[in-house]
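Accompanying notes for the structure given below.
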Amino acid sequence: MKRTLIVLTILIAALALAACGGGKAQPTKASAPTQASQSLQAAAPTQTPAPAESKAVTLNGAGATFPLPVYTEWNQMYPSVQPNVTINYQGIGSGGGQKAILDGTVDFAGSDSLLKDDQYAKMPDLQMLPMLAGAVVPIYNVPGMDKLTLDGPTLVNIFMAKITKWNDPAIARLNPGVNLPDQPITVAHRSDGSGTTEIFTSYLGAVSEEWKNNVGVGKAVEWPADGIGQGVGGKGNPGVAQAVQSTPYSIGYVELAYAKSNNIPMAAMINAAGNEVTANAETMQDAMAAFANAFDERLTAKIVNAPGEKSWPIMGYTYLIIHMTENKDCAKTKALLDYIEWAISDEAAAKKAEELGYATLPAAVRDLVEAKLHEVTCNGQKVLQ
Amino acid sequence: MSNTQSLFQQKNDLRHRLGRFTNHGDRFWVAALFGSSLLILILVLMIGWEVWALSAPSRHAFGWAFISPWAKAAWNPALDRFNAWPAIYGSLVTSAIALVLAVPFSIAVAIFLAELAPPLLRTPLNYMVEMLAAVPSVIYGLWGIYLFLPKVVHPIGAALQNTLGVIPGLSTFFGGPIPASGISKLAAALILTIMVTPTIAAVTRDVLLAIPRSQREASLALGATQWETIWKVLLPMGLSGILGAVILGFGRAIGETMAVTMVIGNTSGGGYSVLKPGYTMASIIANEFAEAVSDLHSSALIEIALVLFVVTIILNAISRWLVMRVQRKTMGR
Amino acid sequence: MNGDIFAQVNLPRVYRRRKWVNNIILGLTGLTVILAGIPLVWIVIYVILKGWRVINLDFFIHLPTAMGATGGGVTNAIQGSIVMVIVAAIIAIPLALLIAFYLLYYPQTRLGVAIRFSTDLLSGVPSIVIGIFGYALFVLPFKHFSALAGGLVLAMIMLPVVVRSSEEMLKLVPKELREGSLALGAPEWKTSLSVILVAAMEGVVTGIMLGLARAIGETAPLLFTALGNEHYDVFGYIKQGIATNQSLWEIFHKILAEPTDALPLTLWKYAQQPYPERVEQSWGVALVLMLLVLLLNIGARTWLAWKRRQTHG
């Protein structure tokens with residue numbers, strides 16, 4: 001009996017302590033204003049925050065790995081702009097982002113694959129906002145070979161598994177003087193639903209009717225190289241880059257930033273105008289200029305196989321997907337819109353993106369996005385004035 | 001004085017009332033036991049129900065063709081056509097290879113641990129087996145990608161493709177070339193071998209240890225060598241238990257996700273050759289579930305989960321039956 | 001001694017052959033043990049050598065840097081793992097003990113058999129299937145990936161491990177103890193908790209530690225429930241909460257309702273990266289994770305063995 005009593009006393013004491021703990025939270029209020037005002041001051045130079053913003057907001061997003069390197073950089077930079085806003089972005093693939101926003105499990109999604117009509121039908125208020133453009137580059141790992149040039153049809157045939165050896169005459173014709181090994185080609189592709197894949201297959205489909213009809217264009221396709229056992233799947237852009245790095249005699253495709261910052265050899269391409277180009281700021285801008293007016297009313301555009309003289313042919317925009325009207329938590333919505341506005345207009349943010357190998361939006365497109373941001377409503381009220 | 005007394009009385013009263021509560025607490029106790037036990041039952045039933053209900057679109061769309069090896073449609077999320085056979089084949093072939101390699105191996109380990117190891121070695125060796133089972137599967141995967149595949153799997157694969165791979169009948173299963181990184185079904189199978197060995201060995205060791213000493217003594221007294229005693233007396237006696245261990249190992253192999261996902265290459269192509277990349281049921285779910293946008297795609301993945309769940313039920317039922325047999329046998333003696 | 005006799009007497013060849021076969025095969029079993037040990041030694045040594053290089057204080061107290069940048073740590077994963085395992089333990093341990101007591105008292109009833117079967121089934125269900133279940137049950141309805149959802153699926157992983165080991169341990173307690181306690185007039189619940197459980201405590205704690213080790217190393221079910229979060233920082237949330245006058249409940253809610261990283265999840269993400277810094281760090285994560293799991297395992301078993309020796313002389 002004594003023991004029971006002791007146990008009960010301890011229990012009651014614990015409860016009382018917990019209650020006191022709850023009570024103790026009150027007194028800290030006194031010290032709070034100083035800290036809160038400090039954070040307000042820190043935020044002040046950039047924007048004049050509404051009082052509601054003093055409360056910490058965490059925005060959760062997920063999706064494309066195509067822009068992941070720059071998003072992680074931005075998310076590291078953003079607290080110095082808005083100390084109370086934390087942005088968590090998980091690179092789970094464009095398909096993952098679309099599923100997450102349709103399931104309602106994230107505040108925003110990243111995708112470089114375009115939503116389909118039936119997805120808009122499920123959630124009509126979804127809006128894709130272009131954030132950046134980027135190049136998809138063919139990367140390869142052939143020991144001793146540091147230069148490779150390909151053209152559209154050859155690239156198609158490699159991924160069609162019609163060209164299966166590195167010393168194939170088609171490759172040799174484009175690379176005179178290069179010592180091509182007599183080795184089978186391993187094709188690394190995405191194992192997840194991917195906007196990078198959509199951009200890449202759009203290009204293959206644009207240069208080859210056969211690819212378009214037999215394999216198709218989309219986030220995930222049935223790779224012909226898999227059929228002969230020469231395909232390897234990697235998760236996300238990082239997974240493909242890692243697979244190519246670790247697999248000699250392989251070829252794959254990733255966003256430029258991954259190849260650039262890890263020094264993975266990239267192939268040069270013969271573009272639609274017949275010129276040999278490598279992926280860089282100039283060739284990307286050229287391709288974007290060639291499609292300056294390509295945006296449709298959904299604010300999406302496809303920019304593969306650009307006709308410009310210097311255009312890099314495998315390009316795409318990457319988007320954030322947000323809700324236009326179905327917003328409930330206005331502090332969150334405001335924080336998200338502020339973040340997007342900052343990301344597309346801030347100079348430091350743009351510099352970071354260009355450093356990594358992305359192309360920032362043309363001014364005209366940026367205006368379209370800003371206009372859209374101002375249309376967003378929360379509980380029926382406009383969020384940005 | 002009177003004050004303390006009244007306090008004492010109060011205390012006594014409280015004690016009395018508490019006592020009454022505590023003595024009647026048994027009703028709550030039994031209810032709590034019953035409730036929480038029911039909870040685990042409900043949990044398992046709910047898992048079954050969820051995977052059954054959520055896989056309905058896929059079951060209705062594809063029927064049995066979903067798991068048929070002869071269905072024309074492959075795994076194609078772009079066209080919303082799904083046939084799980086490549087993943088099922090991947091699971092079966094990797095687990096089968098793993099078991100074929102691991103079973104004799106782990107029985108040998110178990111024999112050493114139970115019958116031969118000197119007492120001084122026994123404890124550290126038992127620890128070793130437990131540790132081998134405890135290493136998280138992602139660590140096996142990491143080690144696999146960077147060390148095991150290039151150093152061990154690729155040479156083995158290259159040897160296989162040049163020997164078995166050129167024999168006409170066997171070239172379907174051992175046709176090369178293996179990717180230079182070693183990523184293949186073989187890699188998954190070999191990692192699984194390492195992962196299931198401690199499971200099978202530990203159970204087999206316990207089975208052997210449970211056999212009465214008298215059996216060994218009788219056999220040795222009749223003039224049998226130690227090996228003959230193990231082979232002709234102990235192993236036949238423990239057969240049911242060892243089979244149970246193998247089934248446990250099979251369950252572990254077929255459900256293993258992370259290590260396999262990291263080394264198998266994740267493609268639904270690859271055909272029948274073990275030297276080619278592929279998928280297993282668990283790894284296709286790990287790769288695609290988070291992004292299955294179309295309802296049919298996600299329900300197809302959940303149907304694979306249903307297949308895994310059903311396999312688990314069958315394996316558990318078999319091992320239950322084996323345990324019952326062992327009990328009946330030992331009780332009969 | 002035996003050997004001497006065999007050597008002295010000139011035995012027929014068949015005996016010598018049998019002895020020879022015996023020695024060879026038994027020698028081979030010893031060889032298999034060495035072979036089985038190779039992967040373990042290889043993994044442990046390599047993980048320690050490679051992981052050691054990236055481990056420093058920053059590794060434990062800093063959040064990750066951007067991709068491709070050097071420095072930074074994985075405190076998000078460490079904290080996330082701890083939070084989720086605590087959630088799992090709070091849910092799974094009491095539940096598992098209650099179930100173990102039920103199985104102890106009603107082993108052969110129809111429900112008892114069904115529950116033992118479901119426990120086995122739950123421990124056999126591939127963890128990825130539990131992940132799907134967790135997504136459908138704990139994520140979709142609340143529209144949020146969260147530490148709580150991750151903790152709940154880890155509880156489901158832990159539950160059968162603890163149930164089975166505790167049941168075994170409770171069974172070992174002599175019946176007389178229970179009978180004696182009941183005869184003295186103690187109620188059943190008190191007998192169970194303060195007599196039987198206390199008597200079996202060492203074994204039960206061992207089982208719990210093994211369950212924790214299992215939960216902390218699981219990745220697959222977290223993919224669809226915890227998602228991952230490079231900014232998960234419990235101390236940060238508390239500091240921020242105090243700074244902005246949040247109630248305890250709000251801070252608590254923040255800690256549990258945010259998407260969360262975990263050591264195995266981070267390891268899985270980092271291992272498949274082209275960035276050399278991330279790959280280096282993945283070995284560090286592997287080292288921390290491996291030490292946690294192996295120490296929990298070795299600790300549990302050694303402690304049990306030591307206690308047993310102590311009580312049984």
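Each chain in the structure tokens gets a letter, A, B, ..., in the order shown, and its residues are numbered from 1; ligands are numbered from 1 in order too.
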Practice task
May I ask you to extract the residues of chain B within 10 Å of chain A, using only C-alpha atoms, and to give them as a PyMOL selection string?
Solution key: chain B and resi 14-16+18-19+22+74-79+145-146+150+175-184+261-262+264-279+284+286-295+298
Prev. selection, C-alpha atoms, output as a short mmCIF file (atom, residue, chain, number, x, y, z; two decimals), in the first residue's frame:
data_model
loop_
_atom_site.label_atom_id
_atom_site.label_comp_id
_atom_site.auth_asym_id
_atom_site.auth_seq_id
_atom_site.Cartn_x
_atom_site.Cartn_y
_atom_site.Cartn_z
CA LEU B 14 -7.34 8.64 1.95
CA ARG B 15 -5.39 5.46 2.26
CA HIS B 16 -8.58 3.52 2.73
CA LEU B 18 -7.13 4.53 -2.37
CA GLY B 19 -6.98 0.95 -1.22
CA THR B 22 -6.50 -0.19 -6.08
CA ALA B 74 5.08 -3.97 -68.81
CA TRP B 75 5.49 -1.47 -65.98
CA ASN B 76 4.74 1.80 -67.71
CA PRO B 77 3.59 4.74 -65.56
CA ALA B 78 3.46 7.02 -68.60
CA LEU B 79 0.75 4.92 -70.22
CA ILE B 145 27.68 0.83 -53.50
CA TYR B 146 31.20 1.90 -52.68
CA PRO B 150 33.15 -2.91 -57.39
CA GLY B 175 23.88 -13.35 -69.96
CA GLY B 176 26.24 -10.41 -69.62
CA PRO B 177 27.68 -7.99 -69.65
CA ILE B 178 27.26 -6.93 -66.06
CA PRO B 179 27.32 -3.11 -65.70
CA ALA B 180 30.81 -1.92 -64.80
CA SER B 181 29.59 -0.60 -61.43
CA GLY B 182 28.39 -4.09 -60.46
CA ILE B 183 24.79 -2.88 -60.09
CA SER B 184 22.64 -5.93 -60.81
CA THR B 261 17.16 -0.47 -53.64
CA MET B 262 20.65 0.94 -53.42
CA ILE B 264 19.78 -3.35 -57.81
CA GLY B 265 19.62 -0.58 -60.41
CA ASN B 266 15.90 0.10 -60.27
CA THR B 267 14.65 -0.66 -63.74
CA SER B 268 11.69 -2.77 -64.70
CA GLY B 269 13.61 -4.01 -67.71
CA GLY B 270 16.67 -6.17 -67.49
CA GLY B 271 14.94 -9.40 -68.35
CA TYR B 272 15.80 -12.67 -66.69
CA SER B 273 19.55 -12.35 -66.45
CA VAL B 274 20.83 -11.95 -62.90
CA LEU B 275 23.77 -9.95 -64.18
CA LYS B 276 21.40 -7.18 -65.29
CA PRO B 277 19.75 -4.49 -63.17
CA GLY B 278 16.16 -4.99 -62.11
CA TYR B 279 13.61 -4.30 -59.43
CA ILE B 284 9.76 -0.55 -56.68
CA ALA B 286 10.37 2.59 -52.27
CA ASN B 287 11.20 4.24 -55.58
CA GLU B 288 7.80 5.09 -56.93
CA PHE B 289 5.22 5.33 -54.18
CA ALA B 290 6.07 8.89 -53.17
CA GLU B 291 5.42 10.16 -56.67
CA ALA B 292 2.67 7.95 -58.02
CA VAL B 293 0.46 10.79 -59.24
CA SER B 294 -2.14 8.78 -61.09
CA ASP B 295 -4.54 6.74 -59.01
CA SER B 298 -0.39 4.30 -56.73
#
Practice task
For A:Leu320, list every protein, DNA or RNA residue within 9 Å, evaluated using only C-alpha atoms, and leave out those in the same chain fewer than 4 positions away; present the list as a ChimeraX atom specification.
Solution key: /A:63,108-112,127-131,340
Residues just named, written with all heavy atoms as a PDB file, in the first residue's frame:
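The resulting selection25.pdb:
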ATOM      1  N   GLY A  63       9.542  18.178 -54.171  1.00  0.00           N
ATOM      2  CA  GLY A  63       9.389  17.964 -55.599  1.00  0.00           C
ATOM      3  C   GLY A  63      10.700  17.860 -56.343  1.00  0.00           C
ATOM      4  O   GLY A  63      11.654  17.253 -55.859  1.00  0.00           O
ATOM      5  N   PHE A 108       3.781  23.842 -50.840  1.00  0.00           N
ATOM      6  CA  PHE A 108       4.028  24.138 -52.246  1.00  0.00           C
ATOM      7  C   PHE A 108       4.828  22.976 -52.821  1.00  0.00           C
ATOM      8  O   PHE A 108       5.409  22.187 -52.078  1.00  0.00           O
ATOM      9  CB  PHE A 108       4.778  25.467 -52.417  1.00  0.00           C
ATOM     10  CG  PHE A 108       6.188  25.446 -51.889  1.00  0.00           C
ATOM     11  CD1 PHE A 108       7.261  25.184 -52.726  1.00  0.00           C
ATOM     12  CD2 PHE A 108       6.452  25.678 -50.537  1.00  0.00           C
ATOM     13  CE1 PHE A 108       8.563  25.158 -52.233  1.00  0.00           C
ATOM     14  CE2 PHE A 108       7.744  25.661 -50.052  1.00  0.00           C
ATOM     15  CZ  PHE A 108       8.804  25.395 -50.905  1.00  0.00           C
ATOM     16  N   ALA A 109       4.827  22.885 -54.151  1.00  0.00           N
ATOM     17  CA  ALA A 109       5.559  21.781 -54.774  1.00  0.00           C
ATOM     18  C   ALA A 109       6.499  22.349 -55.819  1.00  0.00           C
ATOM     19  O   ALA A 109       6.265  23.432 -56.355  1.00  0.00           O
ATOM     20  CB  ALA A 109       4.594  20.798 -55.414  1.00  0.00           C
ATOM     21  N   GLY A 110       7.566  21.630 -56.083  1.00  0.00           N
ATOM     22  CA  GLY A 110       8.447  21.995 -57.179  1.00  0.00           C
ATOM     23  C   GLY A 110       8.264  20.979 -58.287  1.00  0.00           C
ATOM     24  O   GLY A 110       8.129  19.786 -58.016  1.00  0.00           O
ATOM     25  N   SER A 111       8.219  21.463 -59.532  1.00  0.00           N
ATOM     26  CA  SER A 111       8.058  20.515 -60.630  1.00  0.00           C
ATOM     27  C   SER A 111       8.588  21.137 -61.907  1.00  0.00           C
ATOM     28  O   SER A 111       8.402  22.324 -62.147  1.00  0.00           O
ATOM     29  CB  SER A 111       6.582  20.154 -60.808  1.00  0.00           C
ATOM     30  OG  SER A 111       6.429  19.362 -61.956  1.00  0.00           O
ATOM     31  N   ASP A 112       9.253  20.330 -62.711  1.00  0.00           N
ATOM     32  CA  ASP A 112       9.560  20.828 -64.046  1.00  0.00           C
ATOM     33  C   ASP A 112       8.819  19.993 -65.068  1.00  0.00           C
ATOM     34  O   ASP A 112       9.060  20.081 -66.252  1.00  0.00           O
ATOM     35  CB  ASP A 112      11.067  20.846 -64.316  1.00  0.00           C
ATOM     36  CG  ASP A 112      11.835  19.955 -63.388  1.00  0.00           C
ATOM     37  OD1 ASP A 112      11.727  18.724 -63.559  1.00  0.00           O
ATOM     38  OD2 ASP A 112      12.497  20.465 -62.484  1.00  0.00           O
ATOM     39  N   GLN A 127      -1.557  26.495 -59.620  1.00  0.00           N
ATOM     40  CA  GLN A 127      -0.912  27.371 -60.580  1.00  0.00           C
ATOM     41  C   GLN A 127       0.571  27.044 -60.632  1.00  0.00           C
ATOM     42  O   GLN A 127       1.224  26.941 -59.590  1.00  0.00           O
ATOM     43  CB  GLN A 127      -1.101  28.835 -60.156  1.00  0.00           C
ATOM     44  CG  GLN A 127      -0.356  29.838 -60.996  1.00  0.00           C
ATOM     45  CD  GLN A 127      -0.862  29.877 -62.443  1.00  0.00           C
ATOM     46  OE1 GLN A 127      -2.059  29.934 -62.678  1.00  0.00           O
ATOM     47  NE2 GLN A 127       0.051  29.803 -63.406  1.00  0.00           N
ATOM     48  N   MET A 128       1.086  26.858 -61.848  1.00  0.00           N
ATOM     49  CA  MET A 128       2.520  26.648 -61.988  1.00  0.00           C
ATOM     50  C   MET A 128       3.186  27.985 -62.250  1.00  0.00           C
ATOM     51  O   MET A 128       2.790  28.726 -63.141  1.00  0.00           O
ATOM     52  CB  MET A 128       2.811  25.683 -63.137  1.00  0.00           C
ATOM     53  CG  MET A 128       2.204  24.301 -62.917  1.00  0.00           C
ATOM     54  SD  MET A 128       2.792  23.090 -64.109  1.00  0.00           S
ATOM     55  CE  MET A 128       4.410  22.719 -63.477  1.00  0.00           C
ATOM     56  N   LEU A 129       4.209  28.298 -61.449  1.00  0.00           N
ATOM     57  CA  LEU A 129       4.931  29.553 -61.613  1.00  0.00           C
ATOM     58  C   LEU A 129       6.371  29.255 -62.018  1.00  0.00           C
ATOM     59  O   LEU A 129       7.101  28.621 -61.255  1.00  0.00           O
ATOM     60  CB  LEU A 129       4.945  30.330 -60.290  1.00  0.00           C
ATOM     61  CG  LEU A 129       3.599  30.698 -59.700  1.00  0.00           C
ATOM     62  CD1 LEU A 129       3.793  31.271 -58.308  1.00  0.00           C
ATOM     63  CD2 LEU A 129       2.885  31.694 -60.592  1.00  0.00           C
ATOM     64  N   PRO A 130       6.791  29.700 -63.212  1.00  0.00           N
ATOM     65  CA  PRO A 130       8.179  29.455 -63.595  1.00  0.00           C
ATOM     66  C   PRO A 130       9.134  30.196 -62.663  1.00  0.00           C
ATOM     67  O   PRO A 130       8.868  31.339 -62.296  1.00  0.00           O
ATOM     68  CB  PRO A 130       8.263  29.996 -65.027  1.00  0.00           C
ATOM     69  CG  PRO A 130       7.071  30.852 -65.197  1.00  0.00           C
ATOM     70  CD  PRO A 130       6.023  30.367 -64.266  1.00  0.00           C
ATOM     71  N   MET A 131      10.194  29.531 -62.256  1.00  0.00           N
ATOM     72  CA  MET A 131      11.159  30.142 -61.338  1.00  0.00           C
ATOM     73  C   MET A 131      12.499  30.392 -62.028  1.00  0.00           C
ATOM     74  O   MET A 131      13.149  31.393 -61.800  1.00  0.00           O
ATOM     75  CB  MET A 131      11.416  29.223 -60.140  1.00  0.00           C
ATOM     76  CG  MET A 131      10.206  28.932 -59.300  1.00  0.00           C
ATOM     77  SD  MET A 131       9.606  30.408 -58.471  1.00  0.00           S
ATOM     78  CE  MET A 131      10.871  30.635 -57.251  1.00  0.00           C
ATOM     79  N   ILE A 340       8.682  33.684 -52.976  1.00  0.00           N
ATOM     80  CA  ILE A 340       8.755  33.544 -54.434  1.00  0.00           C
ATOM     81  C   ILE A 340       9.170  34.869 -55.065  1.00  0.00           C
ATOM     82  O   ILE A 340      10.028  34.923 -55.955  1.00  0.00           O
ATOM     83  CB  ILE A 340       7.396  33.064 -55.000  1.00  0.00           C
ATOM     84  CG1 ILE A 340       7.072  31.673 -54.461  1.00  0.00           C
ATOM     85  CG2 ILE A 340       7.423  33.048 -56.522  1.00  0.00           C
ATOM     86  CD1 ILE A 340       5.707  31.162 -54.850  1.00  0.00           C
TER      87      ILE A 340
END
Closest atom pairs, chain C residues within 7 Å of chain A, only C-alpha atoms, as a Markdown table:
| residue | atom | partner | partner_atom | distance |
| --- | --- | --- | --- | --- |
| C:Ala66 | CA | A:Glu73 | CA | 5.1 |
| C:Met67 | CA | A:Pro69 | CA | 5.7 |
| C:Leu140 | CA | A:Thr105 | CA | 6.9 |
| C:Lys143 | CA | A:Thr105 | CA | 4.3 |
| C:His144 | CA | A:Thr105 | CA | 4.7 |
| C:Phe145 | CA | A:Thr105 | CA | 6.5 |
| C:Gly228 | CA | A:Gln90 | CA | 6.6 |
| C:Asn229 | CA | A:Asn88 | CA | 5.9 |
| C:Glu230 | CA | A:Asn88 | CA | 6.6 |
| C:His231 | CA | A:Asn88 | CA | 6.5 |
| C:Ile242 | CA | A:Ala32 | CA | 6.9 |
| C:Ala243 | CA | A:Ala32 | CA | 5.0 |
| C:Thr244 | CA | A:Lys55 | CA | 6.2 |
| C:Asn245 | CA | A:Lys29 | CA | 5.5 |
| C:Ser247 | CA | A:Ala25 | CA | 6.5 |
| C:Leu248 | CA | A:Gly22 | CA | 6.3 |
| C:Gln272 | CA | A:Gly239 | CA | 5.1 |
| C:Gln273 | CA | A:Pro238 | CA | 4.8 |
| C:Pro274 | CA | A:Gln242 | CA | 4.6 |
| C:Tyr275 | CA | A:Asn262 | CA | 6.2 |
Problem - Surrounding residues of A:Ala292 excluding itself and chain neighbours under 3 positions, 10 Å, only C-alpha atoms, as a ChimeraX atom specification - result: /A:286-289,295,301,303,362,364-365
Produce a file of the selected residues containing all heavy atoms, as a short mmCIF file (atom, residue, chain, number, x, y, z; two decimals), in the first residue's frame.
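Writing the result to selection_37.cif gives the following:
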data_model
loop_
_atom_site.label_atom_id
_atom_site.label_comp_id
_atom_site.auth_asym_id
_atom_site.auth_seq_id
_atom_site.Cartn_x
_atom_site.Cartn_y
_atom_site.Cartn_z
N ASP A 286 20.24 32.10 -75.27
CA ASP A 286 19.89 32.08 -76.68
C ASP A 286 18.64 31.23 -76.93
O ASP A 286 17.73 31.61 -77.66
CB ASP A 286 21.06 31.53 -77.50
CG ASP A 286 20.93 31.85 -78.97
OD1 ASP A 286 21.11 33.03 -79.31
OD2 ASP A 286 20.62 30.93 -79.74
N ALA A 287 18.61 30.08 -76.26
CA ALA A 287 17.45 29.19 -76.42
C ALA A 287 16.20 29.85 -75.85
O ALA A 287 15.11 29.78 -76.43
CB ALA A 287 17.71 27.87 -75.72
N MET A 288 16.35 30.53 -74.70
CA MET A 288 15.18 31.16 -74.08
C MET A 288 14.68 32.31 -74.96
O MET A 288 13.48 32.51 -75.09
CB MET A 288 15.54 31.66 -72.69
CG MET A 288 15.67 30.51 -71.70
SD MET A 288 16.60 30.99 -70.24
CE MET A 288 15.40 31.97 -69.39
N ALA A 289 15.63 33.04 -75.55
CA ALA A 289 15.23 34.15 -76.41
C ALA A 289 14.47 33.64 -77.63
O ALA A 289 13.52 34.27 -78.09
CB ALA A 289 16.47 34.93 -76.85
N PHE A 295 5.03 31.29 -73.68
CA PHE A 295 4.20 30.99 -72.52
C PHE A 295 2.71 31.02 -72.86
O PHE A 295 2.23 31.94 -73.48
CB PHE A 295 4.50 31.98 -71.39
CG PHE A 295 5.72 31.58 -70.62
CD1 PHE A 295 6.97 32.04 -70.99
CD2 PHE A 295 5.62 30.70 -69.57
CE1 PHE A 295 8.10 31.64 -70.32
CE2 PHE A 295 6.74 30.29 -68.88
CZ PHE A 295 7.98 30.77 -69.25
N ALA A 301 5.69 26.71 -70.54
CA ALA A 301 6.25 26.73 -71.90
C ALA A 301 7.21 25.58 -72.07
O ALA A 301 7.86 25.15 -71.12
CB ALA A 301 6.98 28.05 -72.13
N ILE A 303 10.57 24.53 -74.16
CA ILE A 303 11.61 25.24 -74.91
C ILE A 303 12.72 24.31 -75.40
O ILE A 303 13.88 24.65 -75.38
CB ILE A 303 12.21 26.39 -74.07
CG1 ILE A 303 12.67 25.88 -72.70
CG2 ILE A 303 11.19 27.50 -73.88
CD1 ILE A 303 13.41 26.93 -71.89
N PRO A 362 13.52 35.75 -67.99
CA PRO A 362 13.50 37.01 -68.74
C PRO A 362 12.53 37.99 -68.05
O PRO A 362 11.55 37.55 -67.43
CB PRO A 362 12.97 36.62 -70.11
CG PRO A 362 13.10 35.13 -70.19
CD PRO A 362 13.07 34.61 -68.80
N ALA A 364 10.17 39.83 -69.01
CA ALA A 364 8.75 39.74 -69.37
C ALA A 364 8.07 38.62 -68.61
O ALA A 364 6.94 38.76 -68.12
CB ALA A 364 8.62 39.51 -70.87
N VAL A 365 8.78 37.49 -68.48
CA VAL A 365 8.19 36.35 -67.77
C VAL A 365 8.05 36.67 -66.28
O VAL A 365 7.07 36.33 -65.64
CB VAL A 365 9.05 35.08 -67.98
CG1 VAL A 365 8.44 33.89 -67.27
CG2 VAL A 365 9.23 34.80 -69.45
#
Kindly assemble as JSON lines a list of the chain B residues that lie within 6 Å of chain C, each paired with its nearest atom pair and their distance in Å to one decimal, using only C-alpha atoms, sorted first by chain and then by ascending residue number.
{"residue": "B:Asn23", "atom": "CA", "partner": "C:Pro187", "partner_atom": "CA", "distance": 5.5}
{"residue": "B:Asp26", "atom": "CA", "partner": "C:Trp189", "partner_atom": "CA", "distance": 5.7}
{"residue": "B:Trp29", "atom": "CA", "partner": "C:Trp189", "partner_atom": "CA", "distance": 5.7}
{"residue": "B:Leu33", "atom": "CA", "partner": "C:Leu98", "partner_atom": "CA", "distance": 5.1}
{"residue": "B:Ser36", "atom": "CA", "partner": "C:Leu95", "partner_atom": "CA", "distance": 6.0}
{"residue": "B:Ser37", "atom": "CA", "partner": "C:Ile99", "partner_atom": "CA", "distance": 5.0}
{"residue": "B:Leu41", "atom": "CA", "partner": "C:Ser118", "partner_atom": "CA", "distance": 5.9}
{"residue": "B:Ala108", "atom": "CA", "partner": "C:Thr29", "partner_atom": "CA", "distance": 4.9}
{"residue": "B:Val109", "atom": "CA", "partner": "C:Val33", "partner_atom": "CA", "distance": 5.3}
{"residue": "B:Phe112", "atom": "CA", "partner": "C:Thr29", "partner_atom": "CA", "distance": 5.7}
{"residue": "B:Pro136", "atom": "CA", "partner": "C:Gly217", "partner_atom": "CA", "distance": 5.0}
{"residue": "B:Trp227", "atom": "CA", "partner": "C:Asn22", "partner_atom": "CA", "distance": 5.2}
{"residue": "B:Gly255", "atom": "CA", "partner": "C:Pro126", "partner_atom": "CA", "distance": 4.4}
{"residue": "B:Ala305", "atom": "CA", "partner": "C:Val129", "partner_atom": "CA", "distance": 5.6}
{"residue": "B:Thr312", "atom": "CA", "partner": "C:Val125", "partner_atom": "CA", "distance": 6.0}
Handout entry: Shell of 12 Å around C:His253, only C-alpha atoms, local chain residues under 6 positions omitted, as a list in words
Key = Ser146, Ala147, Leu148, Val234, Tyr237, Ile238, Gly241, Gln246, Ser247 and Pro259 of chain C
Problem - In stretch 37-154 of chain C, DSSP helix (DSSP H, G or I) residues written as an NGL selection string - result: :C and (37-54 or 57-61 or 75-105 or 110-124 or 127-139 or 147-154)
Practice task
Please identify all polymer residues within 8 Å of stretch 235-249 of chain B, counting only C-alpha atoms, omitting same-chain residues fewer than 6 positions from it, and present them as a list in words.
Solution key: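 These residues fall inside the cut-off: Leu99, Val103, Val196, Thr197, Thr199, Ile200, Ala201, Val203, Thr204, Val207, Leu208, Ile211, Leu315, Ile318, Ser319, Leu322, Val323, Arg325 and Val326 of chain B.
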Completion exercise
Min atom-atom distance to A:Gly380 from the set A:Gly177, A:Asp367, A:Glu355, A:Asp329, counting only C-alpha atoms, belongs to A:Asp329
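As for atom CA of A:Gly308 and atom CA of A:Thr196, they are spaced 21.8 Å apart.
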Exercise for the section: Could you jot down the atom CA of C:Val205 to atom CA of B:Pro198 separation for me, Å, one decimal place? Expected result: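 We find that atom CA of C:Val205 and atom CA of B:Pro198 lie 22.9 Å from each other.
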Fill in the blank from the handout: From atom CA of A:Leu356 to atom CA of C:Val74 the spacing works out at 23.5 Å
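Compared by their closest atoms to C:Val173, and using only C-alpha atoms, the residues C:Leu292, C:Ile255, C:Val204, C:Ala69 rank with C:Val204 nearest.
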Practice task
Considering only C-alpha atoms, return as a ChimeraX atom specification whatever protein or nucleic-acid residues lie within 7 Å of C:Gly207, sequence-local ones (same chain, fewer than 3 positions apart) excluded.
Solution key: /C:162,165-166,203-204,210-211
